[in-house]
Structure formats: C-alpha cells, structure tokens
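In what follows, a structure is listed as structure tokens, so that the remarks can point back to it.
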Amino acid sequence: MIKNYIKTAWRNLWKGRVFNLMNVIGLSVAIACCALIFMTVYYEFSYDSFHQNIKGIHQLYTVTNRTSGTERSTAMPVPLGPALKAEYSHVKYITRSANSGALVKAGAKQLDQNVHFVDADFLKIFTFPLVEGNVNTVFNQLNNVVLTEQAAKAMFGNQSPLNKTILITIGQREEPFQVSGVVKDVPGNSSITFDLLLRFEHFPNYKTDLNKWDNWSHMAFVEFKEGYNTQNFAKQLKPFVEAHYKADIDLLKRDGARPDETGSLLSLHLAPFSSNHFNTDLSGVEGYPVSKTYVLSLLAIACFILIIACINFINLSVARGFTRAREVGVRKTLGAGKWQLLTQFWTETIMVCLASTILGLVLCSVIISPFKAMFKSRINLAMLFQPQHLLAILGIFIFITALAGFYPALIMMRYKTVAVLKGNMGDTAKPGKIRNTLLVVQFALSTLLIICTIITWQQINYLSNKPLGFNKTEVLSIPVNRGIDGSKALQLMRNDLRSNNQVEAVSGSYMNLGRGNDGSTRSSIIGFGMNGREIRTNLQRVDFDYVKTLDIKLVDGRDFDLNFPGDSNAVVINESMARSIGGKNIIGRYLFMFPEYQSQIIGIVKDYNFKSLHDKIEPVSMVMRKDFAINYVFVRVKPGNLLHAFDEIKQSWNRQYPNVEFTGSWLNENTERQYQSERRLSNIFVSGAILAIVISCIGLLAISVMIVIQRTKEIGVRKVLGANVAGIVFLLSRDFLKLVMIASIIAVPAAWWVMDNWLQSFAYRISIQWWVFVLATLMAMLLAFITISFQSVKAALTNPVKSLRSE
Amino acid sequence: MIKITNLEKFYRTEEVETVALNKLNLEINTGEFVAIMGPSGCGKSTLLNILGLLDDPDGGSYLFNGTEVAHFNERKRADLRKHNIGFVFQSFNLIDELTVFENVELPLIYTGVSTAERKTRVEEVLTKMQIMHRRNHYPQQLSGGQQQRVAIARAVVNKPKLILADEPTGNLDSSNGNEVMELLTDLNEQGTTIIMVTHSEHDARYSHRIVRLLDGHTVMENIMM
C-alpha cells in the first residue's frame, strides 16, 4: 500500500511539476531563512550562558537622582569593591573590571592585545576554566598575568608559557609580567572578551583613585552567598552608600535634587548578568549589547515568512487538488476509504515537505556567508547539526506537514463523488472563507513589511543626510594606535602636512566623532559647582584649530589659537552649555571645572551633534588638558579630489609611523557606522518584505489558476455574449484585489504602531506620512494584479468554444 | 438481488426543488441484465448512483441482497461497494497517472488483496479482456475501445456481483461499442448482474429487460426475448 502511495505521489508530483516546483521553492526559501534566523536568535539568547553560576552573577550600578533627571551608571569608584566585600557579609566574591588595549612584547614578538584589569575573584565568578595554573594562586603576585590559549599560542607557539616573562605597555609605561595561568579561549558568545588578565592594581590611575569615592571609573561584578535574596540589596546597602558616597550626596542635596520613593538620592543596585547581552538601557556594560527588539524583530519576520510559506503550501495544494477531483471520485467509487485517501494525499505533502526541507538546508549552507555579513551574525553551519537545531528543524517539518498537509487533504475528501465524476466541482470544493482568510493574512504580513521597509529607509536616509553641525565630508579622522603618544603624533602630522596645499587644517581630540575604524567610542562627563548649583557637561579634550578643522560654526568668541599661550587653560563651549550656565556676556567668564585652575570661556560654538542622532545635543566643553590623551588626529582637506588627499595623508602617516597601520576614515563614514544596527534592521525588513511578497505572489498565482479552472464555463459564456478581454481580466481580479485591500486595512494600524515605537528611540526622527501607507497598499495591489493577470489574461484570450467544450 | 420501493430523490436549490426520482419501484434479480432508458433528466443516472451507493435517497427503501442499505454511513457504503459492485463509466474514468495494470489493480489494493494474488488476478482479467499486451501503457496511450476494456477489467477484477454501467458505449464508435457490449454480455452469462443506463436502443437490445423512466418513475418495462 505504502509503495503504491509513494509511486502515485511521485507520478502526480511529476505531472504537476511546475506547480510543485513553485511550492518547493517557496517552502525551501522559507525554511532556509527560518533556519538561519532561528540559529541567530538562539545564538543571541545563548550569550553568557556558559558561566556555571550565571543566575548568581550581578553587575553593580548606581541610580543618581539629579535635578536634571535620574542617571544610571555602572561606573564604580576604586575603593568600592574591597569595601563592599569587607563590610557586607553576604558577598561571596567580588571583582572590579576594566578593559584597555595594551602593547605586549613576548621575546621578539610584538602584539596588540585586549587587557582586562580584574581582582582575584574574577576567575571564581566567571567560568573561564584554567588549563594551566591554579585558580587560587594565579593572582598571588602583583606582576602575574593570565593569558588565553590563543594569546599564549600567539606569543609562545607550542611552548608552555607558564612562568615566562612578557613586557606590557599600558599608557606610556612598559612593565614586565610573569605568566601564572592560561585559560581556555573565550567562547564566541561571551560578553566579556579579553586576551590577558592583569591584577586590578595595574589599572591606570589606580593609585591616585585608591581612596576616592567620587571618581567613578570601572565596572564591578558580585556573586552572593547561597540563599541571598537580591531584592533587598538596595535597601540593605543604604547605610553603606550614605557613608561612602557622602560627598556626592551632599552635592546633590546642595543642588536641590529630590530623593526617590525609597528616600535615596544615590543608591546601589544589581543588574543580573544573565540579561547583560540585551541590556541596552544601561551604558557601560561588558561586550556589545544588542536590542532585544532587534532580535525579536528577526524572530517575528522568520515566523511571518514561515506562516506565509505555509499558507502558500495550503493554497497550492488545494489548488492542485482541484485538478485531481475526478481521481478522488474514481478512487472513492472503487472503494477507497477516507483514511486511505487522506494518507495518500498526505504522502505527497510529506514528499514535498521533505524535498523542501532538504533543499532549504542546502540553500541555508549556500547563503550562510552573505547572511552572516548582512546581519552580523556569528552563526556557523556546524550549529545546524547541534541536537537542539535538528530538533527545531524536525519541529518545523512536522508543523508544516501537519498544518499544511491536513487541510488540503481534508478539502479533497469533501468532494462529492457523483459531482466530481461528472466534472462538476460543486460548492463542496470551494474553500472560500478559509482560503480568503489565509490570503488576507499573507498580504497583511507582506504589506506590513513593505511599510516597515519604507519607513526605516526614510529614517536612515534622514539620519544620513541631516546636517550635523560639522563638516563630515572633507574631514579625515585618524585613530592614533595603542602605544603611540597622540600629542606627538598630532605634532608630527601637523608639521608634515603644513606644506601640503590640499590640507586646510589639522587638529586632534580625545573623542572621535561617530565611530571610526578602531570601533571605540569614548565619553567623559564632569560636574562642577557654579553659583550654588551643579553644572554637568561633556568634556572634550581638543587641540588647537579644532573648531576650524571640523568646520564648526563659531557663534561668539574664538577658537583655541597657537598664538595665545594662555589657551591651554581656556574652554570653548557649545550653545547648550551656554544656556546651562545662563545669563549674558558669557565670553570671558570663568568656570571652576578643575581644582587646579579656573577655565576662561573664550568661544561659543553652534550646537553640533557630537553623539549619534539617537541622543539630543547635550552641553559640551572643549578644553586642552594634557591629562586626557589625544586619541584622534583630524585633517580637513579642500573639497574636490578627496581620494588623492586621502592617499597623501596616508603617505604622510606612513612616513611618521612606517610600522603602524593607517586606519583613517572620513567623518561621514564614521557617522554612518553609528547607524549600523538601523541599517541591519532595514536590511532585514527589505529582505523579509521581498521574500514575503514573492512567496505570497506564488500562492496567489496558484489560486488564480484554480479560480480560472473553476470559472472556465462562465468565461466562455461571457465571451460568447460579447465580453472583452479587459472586462474578463477585471472580473477575475476584482475579488482578489478586494482581499488585498482588506489586508492593507489590517496592516496599516499595525505597521504604524510598530514603526512609531521604533522611531521613539531617535531624538531626531521623521514623522510618519500618510502616503507611505497608500504607496504600500498600491504596491501590494499592483503586484497582486500582475500575478493574477498571468492567468486571467490567458483565460480571457482562450477561444470560448474550447472553454465551453471543457464543460 | 435489488429491491427498491417508493424511492425518492430531490435536488434542491434555494428556490427550486426538482424531483429526480418519484416514488420509484424496481426489482432486479441476480443474474439479470437490465437496461435503463429514458430522455435526459428522467432520473436514469440518479438511479444508477443510488444503486451504486454513491448517492443516498431522500425517501423509500433500498434492499441489497435483503439488507436495507438506503441509510448506510459512508464507511459501510464504501465497504459494500468495494466487495460487491463494479462501475463502468461513459468517460472511462481511468486514472491518468497509473498504468493499465495499476488501474486494474487499484480495487484489489483497497480490498486488501496480497501483492502476489493481485498480480495473478490482474493478469487473468487483462488476458480475458485481450489487453494484456498493453499492461504497461498509460490510459492516454490507448484507443477509446481499449480504455473502456481496461475500465471493464477494473470493474470486474474484484469479482463483483453487480456491474453498473453508465452509457458504456457513449464515447465509442459502433465497432468498439459492439465489442464492449459483447464483453458485458459474456460477464452476464458468467453470472454477473448488470444494470446499464443507455440512450441506445441498439445497446439495450443486449439486455434481458428494458426499464423506461420518465420524470422519475417507471413508465414501461420491456422484456427482451
């Protein structure tokens, strides 16, 4: 019996091969996309799960209620870690943690490495198993260093690195360290990444900040003793905070800040490390947190595509079943039972699903590379064969065969034997309401994705083109690499480029604008008292000609100038800062920003977006303090031949630093890089929308085939009575277009809600316009009409004699 | 074998009710060859469908070998059908995707006959119908007469007690038509009861009795001598 089913199924599938190929293509594309997306989502959710005690690990953060609003910060003062461990008995382990780049010399080898400054508890809290060394003794000596296997191999090849000495340059200082342990390589799904672990005592400024509670500089992680209830933490720590953060709290009181409902102006809280990877609300956490919305959008789109493909499968199978009604009748006449027929049709479904799944997985292996590049996904093909993913694929397979296989089989069962044997489909065969509902669902999802695509595209376009208040097209930003003195580099470049007539101005600063090729972002905020209240400002360490080089508009006063030696203590502020200070005649006034001296305001610049357009422009103060390093050199060139200018600047860099790679990039590239996640989201929507529309149209094509078969006689009669081609095409398309219209009515409010929420995350955003919805609806209708036309035009052109004879 | 009493069948739409069979009475004995004739719309095909348990009546009684079958459920009807009744249609109704052999084999599959026995029985009947040499061909590769012979082979392979033929020669030329009628006659002579709906007086002459229907009831019965 089974053999007979398979044989018949195969011949039937072969007979309807064009139909079935459409079915298989639609389904396999959906399966490939879903497999890739599900793996990506699974990977994102798996972050940090390898830590054995992940549920017990927490990161400390403070909540400060300032007059300007509530501020949450993960930055901790240096004395906090040891103090908390000593004074709060529930703490089992605590570690301070800060990272930095460092130049490492191992013999003749010189490497740029990522260093974590930690306390000895670090390896007890986090699961980074030691392959060499003892967890209780690896940090016994002040100059101990722990390497990852990869770092060890890079430095020492296959030799054991234990007890070997390496030279590490942190800041400008080079010191010898002795290797005391090697940990297994950090897994890809770890938020914490490092090559080397050093004792926290090596953290720059450790000594000066040792007893300072008002200088917040690093992260801290804590693990509590068993049975501890973390909910009481903030309350229990209130006396601790009030005792140690007294100076900060007094300043807040002085400014008139209001305490929160627990009566605290400043409180200490815990953020579970298990949700660290999705913690985009808190800045200053380990790794690169991703928005949960982004991951869930991916998941939603995968589900949409799967649903659309399933609906397609159902509609295609029903449509094809239509052409086989007579066969069902004959089989029933010959004594086939319900289950026998159901099994037969189900066998065909399983075969199509199986072929689609196999093809889908092959497709998955082909498109995994572009997918990874497009969505910055870190999945690999081997993951596909992990038990949980195989199980998920099996689940999808069963879901499709059960859902998409059962309904068409049931429809075929309902054919009335006598009627179908005469070629009369009758009412039994019309799956009307269900089919229409499925079509509406398909097109609603497709229209939703089209709208999302248009709106994200508009917003990205807006972000790219909005004037930011500085010259982003002709300014090159060059990250000064680790181990190089930035001020010196700036001086060398300035001298070298002085004679170059392409170059307009050269300067440098502590923070970059946008995100450069080094990938790092920095920010520094300080608060100081003025006229009895606290003023907070972003601090930007700049060099001479900064305003000129970046082409920022000066509203009042002047830029830092080499000819004014006193400028090293001066400050240039933006309009927001001027408003924050208040009053008139701001130029010439003094700010008490630093304890050593007063800074005179010499210039006010127009507000410019020094952060991404997610954030409103905040007060910024530019100073020339030498204790902040110059990390970036900026060069503005004349408009025109930018490529040539880029090469000349690169050559100039290479003349100064022949062994250090040039990683300069134009500022517009840097600002674009800030919106990578938005671009990714946009790419997802575009790909999702295209897939959804294509698969939906394949389904619609199949249904139009079915409708044309159903209405052949009607078309013939109408033609005999004088109907023209256009009239018949309209007749056949009208009902479908109505359904697409209903789908749009459903999709519009849903899309508006989703996109309005998304746009709220931008301080600068477009407003959603009505024509986007009209355009998306028209696009969906046009695509549907074109699809139906393939069949309806053919039917309308058929000789009526033929149509009538077929009856 | 068959006894129907006051059999009624109506076709209803929202506004109109058409009477297809109007209190029809008919008795057919085992081994008979009966032709049912009458103008279009007189209820011939409806009667044949009810006799073949493809459709149910709206009223009256239908005794098949003494058992009331008028209100059998789908499963029971399918069961009775596959063991007792063979069908021959005007348009042959062969399944295009199956070969001659496989088409004839199909009823045996549904009655659960073993593979080896299926092979023997199909070959036997194909030989009898003189179509054995075409066993691996598909229906569309055969002439109309050959297709109908395959259809008859399929109808008789399960050795049914009753064969229902709906205008079996309607799509055939006269020589092929005669051949088919000869085959049916042979089957009848071997003991199979045959009920045939036809428009052709020529074909009807092969039967023992002609039942003429008009507006859903019997108007005349002719016994053929």
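Quick note on naming: the chains in the structure tokens go A, B, ... in the order shown, residues restart at 1 in each chain, and ligands are numbered from 1 in order of appearance.
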Among chain B, which ones does DSSP place in alpha helix (DSSP H), written as a PyMOL selection string? chain B and resi 44-51+74-84+100-110+115-128+144-156+174-189+201-204
Keeping only C-alpha atoms, write those residues as a PDB file, in the first residue's frame.
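out.pdb, written as the output of this step:
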ATOM      1  CA  LYS B  44     -31.515   7.388 -15.005  1.00  0.00           C
ATOM      2  CA  SER B  45     -28.132   8.458 -13.695  1.00  0.00           C
ATOM      3  CA  THR B  46     -29.561   9.405 -10.294  1.00  0.00           C
ATOM      4  CA  LEU B  47     -30.991   5.908 -10.004  1.00  0.00           C
ATOM      5  CA  LEU B  48     -27.680   4.350 -11.010  1.00  0.00           C
ATOM      6  CA  ASN B  49     -25.779   6.466  -8.464  1.00  0.00           C
ATOM      7  CA  ILE B  50     -28.152   5.416  -5.701  1.00  0.00           C
ATOM      8  CA  LEU B  51     -27.941   1.779  -6.748  1.00  0.00           C
ATOM      9  CA  GLU B  74     -20.004   6.361   4.308  1.00  0.00           C
ATOM     10  CA  ARG B  75     -17.765   3.642   5.711  1.00  0.00           C
ATOM     11  CA  LYS B  76     -20.366   0.880   5.326  1.00  0.00           C
ATOM     12  CA  ARG B  77     -21.248   2.036   1.838  1.00  0.00           C
ATOM     13  CA  ALA B  78     -17.592   2.062   0.780  1.00  0.00           C
ATOM     14  CA  ASP B  79     -17.227  -1.413   2.213  1.00  0.00           C
ATOM     15  CA  LEU B  80     -20.287  -2.808   0.447  1.00  0.00           C
ATOM     16  CA  ARG B  81     -19.302  -1.083  -2.783  1.00  0.00           C
ATOM     17  CA  LYS B  82     -15.786  -2.404  -2.970  1.00  0.00           C
ATOM     18  CA  HIS B  83     -16.817  -6.011  -2.358  1.00  0.00           C
ATOM     19  CA  ASN B  84     -19.985  -6.170  -4.450  1.00  0.00           C
ATOM     20  CA  VAL B 100      -3.236  -0.173 -17.303  1.00  0.00           C
ATOM     21  CA  PHE B 101      -2.027  -2.773 -14.825  1.00  0.00           C
ATOM     22  CA  GLU B 102      -2.106  -0.329 -11.908  1.00  0.00           C
ATOM     23  CA  ASN B 103      -5.563   0.977 -12.773  1.00  0.00           C
ATOM     24  CA  VAL B 104      -6.956  -2.537 -12.746  1.00  0.00           C
ATOM     25  CA  GLU B 105      -5.043  -3.373  -9.585  1.00  0.00           C
ATOM     26  CA  LEU B 106      -6.500  -0.433  -7.631  1.00  0.00           C
ATOM     27  CA  PRO B 107      -9.770  -2.037  -6.367  1.00  0.00           C
ATOM     28  CA  LEU B 108      -7.742  -5.039  -5.164  1.00  0.00           C
ATOM     29  CA  ILE B 109      -5.482  -2.719  -3.159  1.00  0.00           C
ATOM     30  CA  TYR B 110      -8.487  -1.165  -1.474  1.00  0.00           C
ATOM     31  CA  THR B 115       0.576  -8.459  -3.892  1.00  0.00           C
ATOM     32  CA  ALA B 116       1.052 -11.931  -5.373  1.00  0.00           C
ATOM     33  CA  GLU B 117      -2.651 -12.566  -5.719  1.00  0.00           C
ATOM     34  CA  ARG B 118      -3.200  -9.117  -7.166  1.00  0.00           C
ATOM     35  CA  LYS B 119      -0.686  -9.866  -9.887  1.00  0.00           C
ATOM     36  CA  THR B 120      -2.371 -13.167 -10.779  1.00  0.00           C
ATOM     37  CA  ARG B 121      -5.857 -11.700 -10.803  1.00  0.00           C
ATOM     38  CA  VAL B 122      -4.989  -8.597 -12.782  1.00  0.00           C
ATOM     39  CA  GLU B 123      -3.154 -10.620 -15.403  1.00  0.00           C
ATOM     40  CA  GLU B 124      -6.032 -13.043 -15.600  1.00  0.00           C
ATOM     41  CA  VAL B 125      -8.601 -10.335 -16.217  1.00  0.00           C
ATOM     42  CA  LEU B 126      -6.373  -8.401 -18.636  1.00  0.00           C
ATOM     43  CA  THR B 127      -5.888 -11.567 -20.665  1.00  0.00           C
ATOM     44  CA  LYS B 128      -9.603 -12.125 -20.676  1.00  0.00           C
ATOM     45  CA  GLY B 144     -11.268   4.625 -26.647  1.00  0.00           C
ATOM     46  CA  GLY B 145     -12.290   0.998 -27.028  1.00  0.00           C
ATOM     47  CA  GLN B 146      -9.145  -0.194 -25.302  1.00  0.00           C
ATOM     48  CA  GLN B 147      -9.695   2.282 -22.475  1.00  0.00           C
ATOM     49  CA  GLN B 148     -13.205   1.049 -21.922  1.00  0.00           C
ATOM     50  CA  ARG B 149     -11.962  -2.551 -21.892  1.00  0.00           C
ATOM     51  CA  VAL B 150      -9.493  -1.556 -19.171  1.00  0.00           C
ATOM     52  CA  ALA B 151     -12.356   0.133 -17.293  1.00  0.00           C
ATOM     53  CA  ILE B 152     -14.410  -3.073 -17.553  1.00  0.00           C
ATOM     54  CA  ALA B 153     -11.413  -5.096 -16.431  1.00  0.00           C
ATOM     55  CA  ARG B 154     -11.115  -2.802 -13.421  1.00  0.00           C
ATOM     56  CA  ALA B 155     -14.842  -3.181 -12.715  1.00  0.00           C
ATOM     57  CA  VAL B 156     -14.730  -6.984 -12.736  1.00  0.00           C
ATOM     58  CA  SER B 174     -20.027   1.364 -33.244  1.00  0.00           C
ATOM     59  CA  SER B 175     -17.453  -1.375 -33.700  1.00  0.00           C
ATOM     60  CA  ASN B 176     -15.772  -0.658 -30.350  1.00  0.00           C
ATOM     61  CA  GLY B 177     -19.208  -0.217 -28.823  1.00  0.00           C
ATOM     62  CA  ASN B 178     -20.281  -3.650 -30.002  1.00  0.00           C
ATOM     63  CA  GLU B 179     -17.144  -5.175 -28.597  1.00  0.00           C
ATOM     64  CA  VAL B 180     -17.856  -3.660 -25.193  1.00  0.00           C
ATOM     65  CA  MET B 181     -21.442  -4.886 -25.288  1.00  0.00           C
ATOM     66  CA  GLU B 182     -20.177  -8.384 -26.124  1.00  0.00           C
ATOM     67  CA  LEU B 183     -17.905  -8.259 -23.115  1.00  0.00           C
ATOM     68  CA  LEU B 184     -20.748  -7.222 -20.831  1.00  0.00           C
ATOM     69  CA  THR B 185     -22.921  -9.954 -22.229  1.00  0.00           C
ATOM     70  CA  ASP B 186     -20.183 -12.515 -21.576  1.00  0.00           C
ATOM     71  CA  LEU B 187     -19.876 -11.298 -17.998  1.00  0.00           C
ATOM     72  CA  ASN B 188     -23.615 -11.549 -17.550  1.00  0.00           C
ATOM     73  CA  GLU B 189     -23.598 -15.066 -18.928  1.00  0.00           C
ATOM     74  CA  GLU B 201     -31.815   1.150 -28.414  1.00  0.00           C
ATOM     75  CA  HIS B 202     -29.143  -0.970 -30.114  1.00  0.00           C
ATOM     76  CA  ASP B 203     -27.250  -1.483 -26.879  1.00  0.00           C
ATOM     77  CA  ALA B 204     -30.440  -2.005 -24.928  1.00  0.00           C
TER      78      ALA B 204
END
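For the choices A:Asn471, A:Ser264, A:Ser369, A:Thr8, the atom-to-atom distance to chain B is smallest for A:Thr8 when using only C-alpha atoms.
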Atom CA of Ile526 of chain A to atom CA of Arg72 of chain A: how many Å, to one decimal? 14.8 Å
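Assigned to strand (DSSP E or B) in segment 545-682 of chain A, given DSSP computed from backbone atoms, are Leu554, Val555, Asp556, Gly557, Val571, Val572, Ile573, Asn574, Tyr590, Leu591, Ser599, Gln600, Ile601, Ile602, Gly603, Ile604, Val605, Val620, Ser621, Met622, Val623, Tyr632, Val633, Phe634, Val635, Arg636, Val637, Ser665 and Trp666 of chain A.
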Would you tabulate, counting only C-alpha atoms, all residues of chain A that have an atom at most 10 Å from an atom of chain B, showing the closest pair of atoms and their distance in Å to one decimal, sorted by chain then ascending number, as a tab-separated table?
residue	atom	partner	partner_atom	distance
A:Met1	CA	B:Ile109	CA	6.9
A:Asn4	CA	B:Ile109	CA	8.8
A:Lys7	CA	B:Leu98	CA	9.1
A:Thr8	CA	B:Glu97	CA	7.0
A:Ala9	CA	B:Glu97	CA	9.3
A:Trp10	CA	B:Glu97	CA	9.5
A:Arg11	CA	B:Glu97	CA	6.1
A:Asn12	CA	B:Glu97	CA	6.6
A:Trp14	CA	B:Glu97	CA	9.7
A:Lys15	CA	B:Glu97	CA	8.0
A:Arg324	CA	B:Ile95	CA	9.5
A:Arg326	CA	B:Asn93	CA	7.6
A:Glu327	CA	B:Ile95	CA	6.0
A:Val328	CA	B:Ile95	CA	9.5
A:Gly329	CA	B:Asn93	CA	9.0
A:Val330	CA	B:Asn93	CA	6.5
A:Arg331	CA	B:Leu106	CA	8.1
A:Lys332	CA	B:Ala78	CA	7.5
A:Thr333	CA	B:Leu54	CA	7.1
A:Leu334	CA	B:Pro107	CA	5.4
A:Gly335	CA	B:Lys82	CA	4.5
A:Ala336	CA	B:Tyr110	CA	5.7
A:Gly337	CA	B:Ala78	CA	6.6
A:Lys338	CA	B:Arg75	CA	8.1
A:Gln340	CA	B:Tyr110	CA	8.2
A:Lys416	CA	B:Leu54	CA	8.8
A:Thr417	CA	B:Leu54	CA	6.6
A:Val418	CA	B:Leu54	CA	6.4
A:Ala419	CA	B:Asp55	CA	9.9
A:Leu421	CA	B:Asn93	CA	7.6
A:Lys422	CA	B:Ser91	CA	9.0
Next, dump the selected residues to file, keeping only N, CA, C and O atoms, as a CSV table (one decimal), in the first residue's frame.
chain,number,residue,atom,x,y,z
A,1,MET,N,0.8,-1.2,0.0
A,1,MET,CA,0.0,0.0,0.0
A,1,MET,C,0.9,1.3,0.0
A,1,MET,O,0.7,2.2,-0.8
A,4,ASN,N,2.5,1.8,-3.2
A,4,ASN,CA,1.6,2.4,-4.1
A,4,ASN,C,1.4,3.9,-3.9
A,4,ASN,O,1.3,4.6,-4.9
A,7,LYS,N,4.5,5.7,-5.1
A,7,LYS,CA,4.6,5.7,-6.6
A,7,LYS,C,3.6,6.7,-7.2
A,7,LYS,O,3.9,7.5,-8.0
A,8,THR,N,2.3,6.6,-6.7
A,8,THR,CA,1.3,7.5,-7.2
A,8,THR,C,1.7,9.0,-6.9
A,8,THR,O,1.5,9.9,-7.7
A,9,ALA,N,2.2,9.1,-5.7
A,9,ALA,CA,2.5,10.5,-5.2
A,9,ALA,C,3.6,11.1,-6.2
A,9,ALA,O,3.5,12.2,-6.7
A,10,TRP,N,4.6,10.2,-6.4
A,10,TRP,CA,5.7,10.7,-7.3
A,10,TRP,C,5.2,11.1,-8.7
A,10,TRP,O,5.6,12.1,-9.2
A,11,ARG,N,4.3,10.2,-9.3
A,11,ARG,CA,3.9,10.5,-10.6
A,11,ARG,C,3.0,11.8,-10.6
A,11,ARG,O,3.1,12.6,-11.5
A,12,ASN,N,2.2,11.9,-9.6
A,12,ASN,CA,1.4,13.1,-9.5
A,12,ASN,C,2.2,14.4,-9.4
A,12,ASN,O,1.9,15.4,-10.0
A,14,TRP,N,5.2,14.7,-10.3
A,14,TRP,CA,6.0,15.0,-11.5
A,14,TRP,C,5.0,15.6,-12.6
A,14,TRP,O,5.4,16.5,-13.3
A,15,LYS,N,3.8,15.1,-12.6
A,15,LYS,CA,2.8,15.6,-13.6
A,15,LYS,C,2.6,17.1,-13.3
A,15,LYS,O,2.6,17.9,-14.2
A,324,ARG,N,-7.5,17.4,-9.4
A,324,ARG,CA,-7.5,15.9,-9.2
A,324,ARG,C,-8.8,15.4,-8.7
A,324,ARG,O,-8.8,14.3,-8.1
A,326,ARG,N,-11.5,14.4,-10.0
A,326,ARG,CA,-12.0,13.2,-10.7
A,326,ARG,C,-11.3,12.0,-10.2
A,326,ARG,O,-12.0,11.0,-9.9
A,327,GLU,N,-10.0,12.1,-10.0
A,327,GLU,CA,-9.3,11.0,-9.5
A,327,GLU,C,-9.8,10.6,-8.1
A,327,GLU,O,-10.0,9.4,-7.8
A,328,VAL,N,-10.1,11.6,-7.3
A,328,VAL,CA,-10.6,11.3,-5.9
A,328,VAL,C,-12.0,10.5,-6.1
A,328,VAL,O,-12.2,9.5,-5.4
A,329,GLY,N,-12.8,11.0,-7.0
A,329,GLY,CA,-14.1,10.4,-7.3
A,329,GLY,C,-13.9,8.9,-7.7
A,329,GLY,O,-14.6,8.1,-7.1
A,330,VAL,N,-13.0,8.7,-8.6
A,330,VAL,CA,-12.8,7.3,-9.1
A,330,VAL,C,-12.4,6.4,-7.9
A,330,VAL,O,-12.9,5.3,-7.7
A,331,ARG,N,-11.4,7.0,-7.2
A,331,ARG,CA,-10.9,6.1,-6.1
A,331,ARG,C,-12.0,5.8,-5.0
A,331,ARG,O,-12.0,4.7,-4.5
A,332,LYS,N,-12.8,6.8,-4.8
A,332,LYS,CA,-13.9,6.6,-3.9
A,332,LYS,C,-14.9,5.5,-4.4
A,332,LYS,O,-15.3,4.6,-3.7
A,333,THR,N,-15.2,5.6,-5.7
A,333,THR,CA,-16.0,4.6,-6.3
A,333,THR,C,-15.5,3.2,-6.2
A,333,THR,O,-16.2,2.3,-6.0
A,334,LEU,N,-14.1,3.1,-6.3
A,334,LEU,CA,-13.5,1.8,-6.3
A,334,LEU,C,-13.3,1.3,-4.8
A,334,LEU,O,-12.7,0.3,-4.6
A,335,GLY,N,-13.8,2.1,-3.9
A,335,GLY,CA,-13.8,1.6,-2.5
A,335,GLY,C,-12.8,2.2,-1.6
A,335,GLY,O,-12.6,1.7,-0.5
A,336,ALA,N,-12.1,3.3,-2.0
A,336,ALA,CA,-11.1,3.9,-1.1
A,336,ALA,C,-11.8,4.5,0.1
A,336,ALA,O,-12.8,5.2,-0.1
A,337,GLY,N,-11.3,4.2,1.2
A,337,GLY,CA,-11.8,4.8,2.5
A,337,GLY,C,-11.2,6.2,2.7
A,337,GLY,O,-10.3,6.6,2.1
A,338,LYS,N,-11.8,6.9,3.7
A,338,LYS,CA,-11.4,8.3,4.0
A,338,LYS,C,-9.9,8.3,4.3
A,338,LYS,O,-9.1,9.1,3.8
A,340,GLN,N,-7.6,6.1,3.8
A,340,GLN,CA,-6.8,5.7,2.7
A,340,GLN,C,-6.5,6.9,1.8
A,340,GLN,O,-5.3,7.2,1.3
A,416,LYS,N,-17.8,15.8,-3.6
A,416,LYS,CA,-18.9,14.8,-3.8
A,416,LYS,C,-18.6,13.9,-5.0
A,416,LYS,O,-18.4,14.4,-6.1
A,417,THR,N,-18.6,12.6,-4.7
A,417,THR,CA,-18.2,11.6,-5.7
A,417,THR,C,-18.9,11.8,-7.0
A,417,THR,O,-18.3,11.9,-8.1
A,418,VAL,N,-20.2,11.8,-6.9
A,418,VAL,CA,-21.0,11.8,-8.2
A,418,VAL,C,-20.7,13.1,-9.0
A,418,VAL,O,-20.5,13.1,-10.2
A,419,ALA,N,-20.7,14.2,-8.2
A,419,ALA,CA,-20.4,15.5,-8.9
A,419,ALA,C,-19.1,15.6,-9.6
A,419,ALA,O,-19.0,15.9,-10.8
A,421,LEU,N,-17.2,13.2,-10.6
A,421,LEU,CA,-17.0,12.3,-11.7
A,421,LEU,C,-17.6,12.9,-13.0
A,421,LEU,O,-17.2,12.6,-14.1
A,422,LYS,N,-18.5,13.8,-12.8
A,422,LYS,CA,-19.1,14.5,-14.0
A,422,LYS,C,-18.4,15.8,-14.3
A,422,LYS,O,-18.8,16.5,-15.1
